[in-house]
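Before any comments, here is the structure.
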Amino acid sequence: MVEQALLEDLMDKAWPALDREEKGQWVLRASEGVTQRANSVWPRVPDQAGHDSIARSVQAAGRWYRTRRLPLIFQVFTDPRSKALNTVLDEQRFTRQSETRIMVRGAVDTSVAETGPAVELSDHPTGEWLDLWWSVDGRGGEAELSVARRILTACPSLYALLRDDDGVPAAVGRLALVEGWGGIYSMATSPAHRRRGYGTRVLQELLRAGSQRRLEGFWLLVTSANQGARDLYSRAGFTDQGGYLYRQAPLKRAPGGC
């Protein structure tokens, strides 16, 4: 088992916010609203203070995000440390969103011969890589994509792209390289190429490339509702190791009337 604190730190560094400030034991992160991960509070040590102190910290975090015109969102990990924080957020009617599982595995055997079509690897996201990933997972237009690219490239990474027989990009993935570990991110297959093994091949290549770099192990994040992806990762040797969800402050309604 990998220590929870280590996993949280690896995840934070693999998807780094463009605007970041530490407030006591909490880390406030903002990136112009692009992805929840890069626009949420990471309560690094959530339960070290009492109820009233946590409530004041929540209020202060809300002010920080309001100056950036962003909603207040917490990334809350599902372990006993989050009990007191969740109590405060429940009282303030924070919603629960995007439940996510964390999965980990060790290094793979790089002596096994490659199978299937060749996967293109690069140390930066090409235009084709970005176009395919954003068409599947993106939210927004060119401005938001530009922010997403800055997040991706702020951490050393490998980018994998697999084409079909006609040379059309079919699937992509990213391996974030963080302190001797590899994070699998941005796995995306175009709708026209799904259920044909493209995603599996990209994953295999990222694991092989990471193990060639003598990485200690790998982690990835997958939404709890995506059973197909969870099954794929389980077959690839990943096991469940906890999870998290996002908790967002309720929207404030403006007064009505003329």
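As shown in the structure tokens, the chain order sets the letters A, B, ...; within each chain, residues go from 1, and ligands are also counted from 1 in the order they appear.
Backbone DSSP over region 124-191 of chain A yields helix (DSSP H, G or I) at Gly127, Glu128, Trp129, Leu130, Asp131, Leu132, Trp133, Trp134, Ser135, Val136, Asp137, Glu142, Ala143, Glu144, Leu145, Ser146, Val147, Ala148, Arg149, Arg150, Ile151, Leu152, Thr153 and Pro191 of chain A.
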Kindly provide the residues of region 31-116 of chain A that approach region 234-245 of chain A to within 8 Å, each paired with its closest atom pair and their distance in Å to one decimal, based on only C-alpha atoms, listed by chain and increasing number, as a Markdown table.
| residue | atom | partner | partner_atom | distance |
| --- | --- | --- | --- | --- |
| A:Gln75 | CA | A:Leu245 | CA | 5.9 |
| A:Val76 | CA | A:Tyr244 | CA | 5.4 |
| A:Phe77 | CA | A:Tyr244 | CA | 4.0 |
| A:Thr78 | CA | A:Tyr244 | CA | 5.2 |
| A:Asp79 | CA | A:Gly242 | CA | 7.7 |
| A:Arg96 | CA | A:Leu245 | CA | 6.7 |
| A:Gln97 | CA | A:Leu245 | CA | 5.9 |
| A:Ser98 | CA | A:Leu245 | CA | 5.6 |
| A:Glu99 | CA | A:Leu245 | CA | 4.3 |
| A:Thr100 | CA | A:Tyr244 | CA | 5.5 |
| A:Arg101 | CA | A:Gly243 | CA | 4.2 |
| A:Ile102 | CA | A:Gly243 | CA | 5.1 |
| A:Met103 | CA | A:Asp240 | CA | 4.4 |
| A:Val104 | CA | A:Phe238 | CA | 5.0 |
| A:Arg105 | CA | A:Phe238 | CA | 4.7 |
Task: Spatial neighbours of Leu72 (chain A), max dist 7 Å, only C-alpha atoms, sep filter under 6 positions, as a count of residues only - done: 5
Task: Near-Ser190 (chain A) list (9 Å; only C-alpha atoms; drop same-chain fewer than 3 positions) as a ChimeraX atom specification - done: /A:132-133,135-136,169-172,193-194
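If you count only C-alpha atoms and ignore residues fewer than 4 places along the chain from Gly33 (chain A), what sits within 12 Å of it is A:Ala17, A:Leu18, A:Asp19, A:Arg29, A:Arg37, A:Ala38, A:Asn39, A:Ser40, A:Tyr65, A:Arg66, A:Arg68, A:Arg69, A:Leu70, A:Pro71, A:Leu72, A:Ile73, A:Arg139, A:Gly140, A:Ala143, A:Glu144, A:Leu145, A:Val147, A:Ala148, A:Ile151.
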Open item on the list: Considering only C-alpha atoms, can you say which of A:Ala5, A:Leu130, A:Leu158, A:Val168 comes closest to Ala188 (chain A)?
Closed with: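 Among the listed residues, A:Leu130 lies closest to Ala188 (chain A).
Atom pair CA of Tyr246 (chain A) / CA of Phe74 (chain A): separated by 5.5 Å.
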Task: Counting only C-alpha atoms, the option among A:Val34, A:Val108, A:Cys155, A:Val222 closest to His124 (chain A) - done: A:Cys155
Open item on the list: What's around Leu162 (chain A) at 12 Å? Count only C-alpha atoms, leave out sequence neighbours fewer than 4 positions away in its own chain, and write the answer as number ranges by chain.
Closed with: A: 116-122, 128-129, 132, 166-173, 187-190, 193, 197-206
Task: Who sits within 12 Å of Ala84 (chain A), only C-alpha atoms, same chain under 5 positions skipped, as a VMD selection string - done: chain A and resid 43 45 to 55 76 79 89 to 91
TODO: Identify which of the residues A:Asn86, A:Thr153, A:Thr126, A:Gln59 lies closest to Lys13 (chain A), counting only C-alpha atoms when measuring atom-to-atom distances.
DONE: A:Thr153
TODO: For each of A:Asp9, A:Thr35, A:Arg44, A:Trp219, take the minimum atom-to-atom distance to Gly138 (chain A), counting only C-alpha atoms, then give the residue where this is smallest.
DONE: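 Checking each candidate against Gly138 (chain A), we get A:Thr35 as the closest.
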